[in-house]
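A.B. asks: So here's data_10.cif (mmCIF, C-alpha atoms and all ligand atoms).
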```
data_run
loop_
_atom_site.label_atom_id
_atom_site.label_comp_id
_atom_site.auth_asym_id
_atom_site.auth_seq_id
_atom_site.Cartn_x
_atom_site.Cartn_y
_atom_site.Cartn_z
CA MET A 114 -2.56 116.31 121.52
CA THR A 115 0.32 117.31 123.80
CA PRO A 116 -1.69 118.68 126.72
CA LEU A 117 -3.37 115.27 127.07
CA ILE A 118 -0.10 113.49 127.68
CA PRO A 119 0.76 113.46 131.39
CA SER A 120 4.15 114.83 132.37
CA SER A 121 5.12 111.50 133.90
CA TYR A 122 4.79 109.84 130.48
CA GLU A 123 6.70 112.64 128.90
CA ARG A 124 9.58 112.05 131.31
CA HIS A 125 9.44 108.34 130.53
CA LEU A 126 9.67 109.07 126.82
CA GLY A 127 12.42 111.56 127.47
CA LYS A 128 14.53 108.89 129.17
CA ALA A 129 14.27 106.56 126.20
CA VAL A 130 15.25 109.34 123.86
CA ASP A 131 18.04 110.49 126.12
CA ASN A 132 19.72 107.09 125.95
CA GLN A 133 19.58 107.26 122.19
CA VAL A 134 20.91 110.77 122.02
CA ARG A 135 23.88 109.75 124.13
CA ALA A 136 24.48 106.82 121.82
CA ILE A 137 24.28 109.03 118.74
CA PHE A 138 26.92 111.35 120.12
CA SER A 139 28.90 108.55 121.68
CA GLY A 140 29.41 111.58 123.78
CA LYS A 141 31.20 112.07 126.96
CA ILE A 142 29.17 113.85 129.58
CA CYS A 143 31.37 116.46 131.23
CA GLU A 144 31.31 116.16 134.97
CA LYS A 145 34.00 118.23 136.56
CA ALA A 146 32.61 118.96 140.01
CA GLN A 147 33.00 122.76 140.07
CA GLY A 148 31.46 122.98 136.63
CA LEU A 149 28.47 120.91 137.70
CA ALA A 150 28.01 123.19 140.68
CA ALA A 151 28.01 126.21 138.40
CA ILE A 152 25.39 124.63 136.13
CA LYS A 153 23.24 123.85 139.12
CA THR A 154 23.44 127.44 140.32
CA LEU A 155 22.59 128.83 136.90
CA THR A 156 19.74 126.38 136.33
CA GLU A 157 18.22 127.09 139.72
CA ARG A 158 18.38 130.84 139.21
CA LEU A 159 16.65 130.58 135.86
CA GLY A 160 14.22 127.89 136.93
CA LYS A 161 13.07 129.41 140.19
CA ASN A 162 10.16 131.58 139.36
CA ARG A 163 7.17 132.24 141.53
CA ASP A 164 4.68 131.96 138.72
CA PHE A 165 6.09 128.97 136.96
CA PRO A 166 8.94 127.03 138.52
CA LEU A 167 10.56 124.77 135.98
CA ASP A 168 12.40 121.57 136.77
CA VAL A 169 15.05 120.74 134.18
CA ASP A 170 18.10 118.55 134.15
CA VAL A 171 21.03 120.21 132.40
CA ALA A 172 24.17 118.42 131.25
CA VAL A 173 27.17 119.34 129.11
CA ILE A 174 28.07 116.89 126.35
CA GLU A 175 31.47 116.97 124.68
CA SER A 176 31.07 117.93 121.05
CA LYS A 177 32.82 119.99 118.40
CA VAL A 178 29.49 121.30 117.23
CA PRO A 179 28.15 124.37 119.01
CA ASN A 180 24.62 123.38 119.87
CA ALA A 181 22.04 123.01 122.58
CA ILE A 182 18.98 120.79 122.65
CA ALA A 183 16.02 120.17 124.90
CA LEU A 184 14.48 116.70 125.08
CA PRO A 185 10.97 115.85 126.17
CA GLY A 186 10.74 115.56 129.92
CA GLY A 187 13.22 118.29 130.77
CA ARG A 188 16.69 117.08 129.84
CA ILE A 189 18.76 119.86 128.27
CA TYR A 190 22.15 119.37 126.68
CA LEU A 191 24.62 122.17 126.21
CA PHE A 192 27.35 121.14 123.78
CA SER A 193 30.87 121.93 124.91
CA ALA A 194 31.70 123.83 121.71
CA LEU A 195 28.96 126.32 122.59
CA LEU A 196 30.59 126.90 125.98
CA ASP A 197 33.95 127.36 124.25
CA LYS A 198 32.53 130.11 122.07
CA ALA A 199 30.70 131.89 124.88
CA GLU A 200 32.26 134.99 126.40
CA SER A 201 29.89 135.71 129.25
CA THR A 202 27.47 134.03 131.60
CA ASP A 203 24.56 135.95 130.13
CA GLU A 204 25.25 134.47 126.69
CA ILE A 205 24.98 130.91 127.98
CA ALA A 206 22.19 131.74 130.42
CA GLY A 207 20.15 133.09 127.51
CA VAL A 208 20.58 129.90 125.50
CA LEU A 209 19.79 127.81 128.55
CA ALA A 210 16.66 129.87 129.25
CA HIS A 211 15.67 129.52 125.59
CA GLU A 212 15.93 125.73 125.86
CA MET A 213 13.96 125.88 129.10
CA GLY A 214 11.30 127.65 127.08
CA HIS A 215 11.14 124.65 124.75
CA VAL A 216 10.72 122.38 127.78
CA ALA A 217 8.05 124.61 129.32
CA HIS A 218 6.14 124.66 126.04
CA ARG A 219 6.63 120.92 125.52
CA ASP A 220 8.04 121.54 122.05
CA GLY A 221 10.18 118.39 122.11
CA LEU A 222 7.17 116.24 122.76
CA ARG A 223 5.29 117.96 119.97
CA LYS A 224 8.22 117.31 117.67
CA MET A 225 8.21 113.63 118.58
CA ILE A 226 4.55 113.39 117.73
CA GLN A 227 5.27 115.09 114.42
CA ALA A 228 8.09 112.66 113.68
CA GLY A 229 6.46 109.45 114.73
CA GLY A 230 2.73 110.00 114.81
CA THR A 231 0.51 109.41 117.78
CA SER A 232 0.18 105.65 117.46
CA TYR A 233 3.94 105.37 117.41
CA LEU A 234 4.13 107.54 120.49
CA LEU A 235 1.55 105.42 122.30
CA GLY A 236 3.65 102.41 121.37
CA LEU A 237 6.63 104.04 123.00
CA LEU A 238 4.60 104.80 126.09
CA PHE A 239 3.39 101.25 126.48
CA GLY A 240 6.63 99.67 125.51
CA ASP A 241 5.58 98.20 122.16
CA VAL A 242 8.20 100.11 120.25
CA THR A 243 11.47 98.91 121.61
CA GLY A 244 13.38 98.72 118.35
CA GLY A 245 16.46 100.91 118.58
CA GLY A 246 16.04 102.09 115.02
CA ALA A 247 12.68 103.67 115.67
CA ILE A 248 13.93 105.63 118.64
CA VAL A 249 17.10 106.63 116.87
CA PHE A 250 14.94 108.07 114.13
CA VAL A 251 13.08 110.24 116.61
CA SER A 252 16.27 111.22 118.43
CA ARG A 253 17.87 112.36 115.21
CA TYR A 254 14.76 114.20 114.22
CA LEU A 255 14.75 116.01 117.56
CA ILE A 256 18.31 117.11 117.00
CA ASP A 257 18.23 117.86 113.30
CA SER A 258 14.99 119.53 112.55
CA ALA A 259 13.97 123.04 113.40
CA TYR A 260 11.02 124.02 115.51
CA SER A 261 8.45 126.25 113.96
CA ARG A 262 9.18 129.95 113.83
CA GLU A 263 6.38 130.47 116.38
CA ALA A 264 7.91 127.96 118.79
CA GLU A 265 11.28 129.71 118.44
CA ALA A 266 9.80 133.12 119.08
CA ALA A 267 7.96 131.77 122.11
CA ALA A 268 11.17 130.22 123.48
CA ASP A 269 12.98 133.53 122.96
CA ASP A 270 10.19 135.32 124.81
CA PHE A 271 10.44 132.83 127.63
CA ALA A 272 14.21 133.40 127.80
CA ALA A 273 13.83 137.16 127.76
CA TYR A 274 11.23 137.00 130.50
CA ARG A 275 13.37 134.80 132.72
CA MET A 276 16.48 136.90 132.15
CA SER A 277 14.63 140.17 132.79
CA ALA A 278 13.13 138.78 135.99
CA LEU A 279 16.71 138.33 137.20
CA GLY A 280 17.71 141.77 136.00
CA ARG A 281 19.81 140.41 133.16
CA PRO A 282 19.72 141.31 129.44
CA ALA A 283 18.46 138.79 126.89
CA HIS A 284 20.35 139.93 123.80
CA PRO A 285 23.81 138.45 124.67
CA MET A 286 22.40 135.10 123.53
CA GLY A 287 22.00 136.71 120.11
CA LEU A 288 25.61 137.93 120.22
CA LEU A 289 26.82 134.40 120.88
CA LEU A 290 24.82 133.05 117.98
CA LYS A 291 26.08 135.82 115.71
CA ARG A 292 29.66 135.01 116.71
CA ILE A 293 29.35 131.40 115.65
CA GLU A 294 27.30 132.20 112.57
CA GLY A 295 29.07 131.13 109.43
CA LYS A 296 31.09 128.62 111.38
CA ASP A 297 28.21 126.25 111.71
CA ASP A 298 29.55 123.79 109.19
CA VAL A 299 31.83 122.21 111.77
CA LYS A 300 31.27 118.50 111.64
CA GLY A 301 32.77 116.58 114.48
CA GLY A 302 34.03 113.09 113.75
CA ASN A 303 31.85 111.51 116.40
CA ASP A 304 28.90 113.64 115.69
CA PHE A 305 27.87 112.37 112.29
CA ASN A 306 26.35 115.31 110.56
CA VAL A 307 24.78 116.93 113.52
CA PRO A 308 24.04 120.50 112.63
CA ALA A 309 24.98 123.45 114.74
CA PHE A 310 22.50 125.39 116.80
CA LEU A 311 22.25 128.01 114.09
CA SER A 312 20.90 125.72 111.46
CA THR A 313 17.90 125.00 113.64
CA HIS A 314 17.94 128.45 115.23
CA PRO A 315 18.63 130.98 112.50
CA VAL A 316 19.47 134.40 113.88
CA THR A 317 17.17 136.65 111.97
CA ASP A 318 17.33 140.41 112.36
CA GLN A 319 13.81 140.24 113.62
CA ARG A 320 14.87 137.84 116.32
CA LEU A 321 17.82 139.99 117.40
CA LYS A 322 15.68 143.10 117.50
CA ALA A 323 13.08 141.36 119.63
CA LEU A 324 15.79 140.27 122.08
CA GLU A 325 17.37 143.71 122.21
CA LYS A 326 14.02 145.25 123.07
CA GLN A 327 13.87 143.23 126.29
CA VAL A 328 15.87 145.36 128.65
CA PRO A 329 15.45 144.72 132.37
CA SER A 330 14.18 147.73 134.30
CA GLN A 331 16.58 147.01 137.13
CA GLN A 332 19.98 145.50 136.82
CA GLY A 333 20.49 142.31 138.81
CA GLU A 334 23.53 140.57 140.19
CA PRO A 335 25.63 138.52 137.75
CA LEU A 336 24.15 135.02 137.54
CA LEU A 337 27.53 133.43 138.20
CA SER A 338 30.67 134.72 139.88
CA GLN A 339 33.81 134.95 137.74
CA GLU A 340 35.06 131.81 139.42
CA GLU A 341 31.85 129.89 138.72
CA TRP A 342 31.88 131.07 135.12
CA ARG A 343 35.41 129.82 134.64
CA ALA A 344 34.46 126.49 136.22
CA LEU A 345 31.55 126.17 133.80
CA LYS A 346 33.79 126.93 130.82
CA GLU A 347 36.20 124.23 131.99
CA ILE A 348 33.68 121.57 132.90
CA CYS A 349 35.04 119.19 130.25
CA LYS A 350 38.70 119.65 131.17
CA THR A 351 39.92 116.53 132.86
CA THR A 352 43.10 117.85 134.40
ZN ZN B 1 14.97 126.94 119.97
#
```
Represent the supplied structure as structure tokens.
Ligand SMILES: [Zn+2]

C.D. replies:
Amino acid sequence: MTPLIPSSYERHLGKAVDNQVRAIFSGKICEKAQGLAAIKTLTERLGKNRDFPLDVDVAVIESKVPNAIALPGGRIYLFSALLDKAESTDEIAGVLAHEMGHVAHRDGLRKMIQAGGTSYLLGLLFGDVTGGGAIVFVSRYLIDSAYSREAEAAADDFAAYRMSALGRPAHPMGLLLKRIEGKDDVKGGNDFNVPAFLSTHPVTDQRLKALEKQVPSQQGEPLLSQEEWRALKEICKTT
């Protein structure tokens, strides 16, 4: 089903869902200028690829839950708690590239179809389904439920490929996930019971091993300077 849906419709759907996701989190979008610049740099480095350039729109949302999600149409949210836990650019770049993999493979759209069925989706496309409740259902489903193991492996492969192409290792993403493992029961007051990244992205040994195997043949420049990295970490700080 998904390949038949034009990208323009997918973006349209993504917008509707995005509004709902923001409402669910009642979340503040972090917009400190230097941080935004750092995100742009990182996104462009990962997205620019001769074979398959990928256009995504990345934002940081303030949340106590360490998570990251990709919506249909190319919107990716990094949750601020994930940035707090990260110790290097490669850790965040890996997660970002993983989410880009979900966008590239249209996994979010597939999930929406799974949640709502095709007639529901057509309704969304043509504007018949305007009830907030219906969209909230899909938004929550997008956030709460896991992708298939195959989709996860494919997103990891995508991340490893993009990181390697830039001469960067893929496994630091696994280190970040390991670090927050066991602490994924954090429930932020505003976040209802939104699960952490790990509950939808379990770090299996198999997954870590696969990431560790992807070592770039040539080491590339760091994806962000120290200064840019600090700016990204502090994107939610208002003062
Ligand atoms: Zn994933």

A.B. asks: Neighbours of range 155-170 of chain A within 7 Å (all atoms listed in the file; same-chain residues fewer than 6 positions away dropped), as a list in words?

C.D. replies: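 Listing them by chain and then by number gives Gly187, Arg188, Ile189, Ala210, Arg275, Leu336 and Leu337 of chain A.
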
A.B. asks: Hey, which of A:Val134, A:Ala206, A:Ile226, A:Ala278 ends up closest to Asp257 in chain A? Count only C-alpha atoms.

C.D. replies: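 That would be A:Val134, the residue with the smallest distance to Asp257 in chain A.
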
A.B. asks: Would you mind telling me which residue in A:Ala181, A:Met286, A:Ala146, A:Leu195 lies nearest to ligand ZN 1 (chain B) when using only C-alpha atoms and all ligand atoms?

C.D. replies: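 Among A:Ala181, A:Met286, A:Ala146, A:Leu195, it is A:Ala181 that comes nearest to ligand ZN 1 (chain B).
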
A.B. asks: Please build the interface table for chain A against ligand ZN 1 (chain B) with a cut-off of 7 Å, listing for each qualifying residue the nearest atom pair and the distance in Å to one decimal; count all atoms listed in the file, order rows by chain and increasing number, and write it as a tab-separated table.

C.D. replies:
```
residue	atom	partner	partner_atom	distance
A:His211	CA	B:ZN1	ZN	6.2
A:Glu212	CA	B:ZN1	ZN	6.1
A:His215	CA	B:ZN1	ZN	6.5
A:Tyr260	CA	B:ZN1	ZN	6.6
A:Glu265	CA	B:ZN1	ZN	4.9
A:Ala268	CA	B:ZN1	ZN	6.1
A:His314	CA	B:ZN1	ZN	5.8
```

A.B. asks: Pick the closest to Leu222 in chain A from A:Phe192, A:Tyr274, A:Tyr254, A:Trp342: which is it, counting all atoms listed in the file?

C.D. replies: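 Closest to Leu222 in chain A of all the choices is A:Tyr254.
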
A.B. asks: Excluding Ala344 in chain A and its own-chain neighbours fewer than 2 positions away, which residues fall within 7 Å of it when counting all atoms listed in the file? Please give them as a ChimeraX atom specification.

C.D. replies: /A:147-148,151,340-342,346-348

A.B. asks: Between CA of Phe138 in chain A and CA of Lys177 in chain A, measure the distance and give it in Å to one decimal.

C.D. replies: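 Taking CA of Phe138 in chain A and CA of Lys177 in chain A, their separation equals 10.6 Å.
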
A.B. asks: I'd like the neighbourhood of range 324-329 of chain A as a ChimeraX atom specification, where a residue qualifies if any of its atoms comes within 8 Å (using all atoms listed in the file), though same-chain residues fewer than 6 positions away should be ignored.

C.D. replies: /A:269-270,273-274,276-278,280-284,287
